[in-house]
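Notes to accompany the following structure.
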Amino acid sequence: VKAEDVLRELGLEDRFVDSLKQNFPVDVDRLVPLPYLADGIAKALDVFSSGYILLLGEPGVGKSTALTTLTAYRRDITFEYFCFIPNERSLGNDRLDSSAFVRSLCIGLRNAFPDEHLPSTYSELTKATLNSWLNFLSGQGKRVIFVVDGLDHVDNKYHQGVLDHPLTDALDGILPPGVFMILSSQYIEALPPQVQDEIKRDADRLIPVRRFDQAETQDFFRRRHIHLSDQNLLRT
């Protein structure tokens, strides 16, 4: 008898397969490196023992791109969750819903630590289960780093009245030692009040994402084979 056969009979074969895909498209050849963001994230992860970190900036400044490429040079990222995927075809707002979000985090956590005997592994994937697993891994001395990108999309849908249980409902309380959540948003008010307070208390938890400077703008156009004179560049 094979384990996969038993799981299939019990209806658990696809237990840890997520229907929500987290593939945010990035053209690496056109990517403008922003090392100050990587440095800011690294500093926060070194300074603090746990908690929330926020990348804050206006649309189009590179928050999602920076977080998408984070795993290329950080092997300790546990799971990335994107609240918005360009050109995604889906019905409803499942990606922005708290229960779907918690389920994805649970699946990502289980798949990231396949050799750990998580408590009640096959229980319902709820917030209570997620918290139980995080506390267990913390107690084992494991480091867990979640990335959650685009919380302003959640806030917008919630205020449009089309989202009853936004995923931000799951972002409350104090994260256990060794557990981090790297968030991004266009404005801090998209975060729950208690998370806002934590970030505002410690300046290193807030990483402002600025517009491109002149050198970065030049690099942006160069990578797209567009030549602009310095004079034209100053007008952009």
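Going by the structure tokens order, chains are called A, B, ..., each with residues numbered from 1, while ligands are numbered from 1 in the order shown.
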- All residues 9 Å or closer to Leu183 (chain A), only C-alpha atoms, same chain fewer than 5 positions away omitted, as a list of chain:residue names: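 So the residues in contact are A:Tyr52, A:Ile53, A:Leu54, A:Leu55, A:Leu56, A:Phe146, A:Val147, A:Val148, A:Asp149, A:Gly150, A:Leu151.
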Show which residues sit within 10 Å of Ile107 (chain A), as a ChimeraX atom specification. Count only C-alpha atoms, and ignore same-chain residues fewer than 5 positions away. /A:15-18,79,101-102,112,125,130
_Given only C-alpha atoms as the counted atoms, nearest of A:Ala128, A:Leu67, A:Leu163, A:Val154 to Arg103 (chain A)_ =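 Using only C-alpha atoms, the shortest distance to Arg103 (chain A) belongs to A:Ala128.
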Exercise for the section: Per DSSP on the backbone, filter region 62-223 of chain A down to the residues in strand (DSSP E or B) and report them as an MDAnalysis selection string. Expected result: chainID A and resid 79:82 97 144:149 166 179:185 206:208
Please produce an output containing C-alpha atoms for each residue in the selection, written as an mmCIF file, in the first residue's frame.
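Listed below is the output, part_24.cif:
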```cif
data_model
loop_
_atom_site.group_PDB
_atom_site.id
_atom_site.type_symbol
_atom_site.label_atom_id
_atom_site.label_comp_id
_atom_site.auth_asym_id
_atom_site.auth_seq_id
_atom_site.Cartn_x
_atom_site.Cartn_y
_atom_site.Cartn_z
ATOM 1 C CA PHE A 79 6.048 31.839 0.724
ATOM 2 C CA GLU A 80 4.975 34.751 -1.488
ATOM 3 C CA TYR A 81 1.351 35.850 -1.813
ATOM 4 C CA PHE A 82 0.239 38.398 -4.408
ATOM 5 C CA ASP A 97 -10.593 36.790 0.877
ATOM 6 C CA VAL A 144 9.376 31.855 8.629
ATOM 7 C CA ILE A 145 9.224 34.771 6.189
ATOM 8 C CA PHE A 146 5.991 35.470 4.324
ATOM 9 C CA VAL A 147 5.677 38.068 1.563
ATOM 10 C CA VAL A 148 2.232 39.624 1.024
ATOM 11 C CA ASP A 149 2.122 42.097 -1.857
ATOM 12 C CA PRO A 166 -10.762 40.879 3.541
ATOM 13 C CA VAL A 179 8.097 34.790 12.054
ATOM 14 C CA PHE A 180 7.993 37.773 9.684
ATOM 15 C CA MET A 181 5.546 39.194 7.177
ATOM 16 C CA ILE A 182 6.920 41.528 4.511
ATOM 17 C CA LEU A 183 3.973 43.580 3.229
ATOM 18 C CA SER A 184 3.537 46.133 0.461
ATOM 19 C CA SER A 185 0.922 48.803 -0.096
ATOM 20 C CA LEU A 206 8.978 50.951 7.164
ATOM 21 C CA ILE A 207 10.801 50.927 3.812
ATOM 22 C CA PRO A 208 9.729 53.813 1.538
#
```
task = Point out the residue among A:Ala42, A:Leu175, A:Asp164, A:Gly57 with the least atom-to-atom distance to Arg74 (chain A), counting only C-alpha atoms.
result =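 Smallest distance to Arg74 (chain A) is found for A:Ala42.
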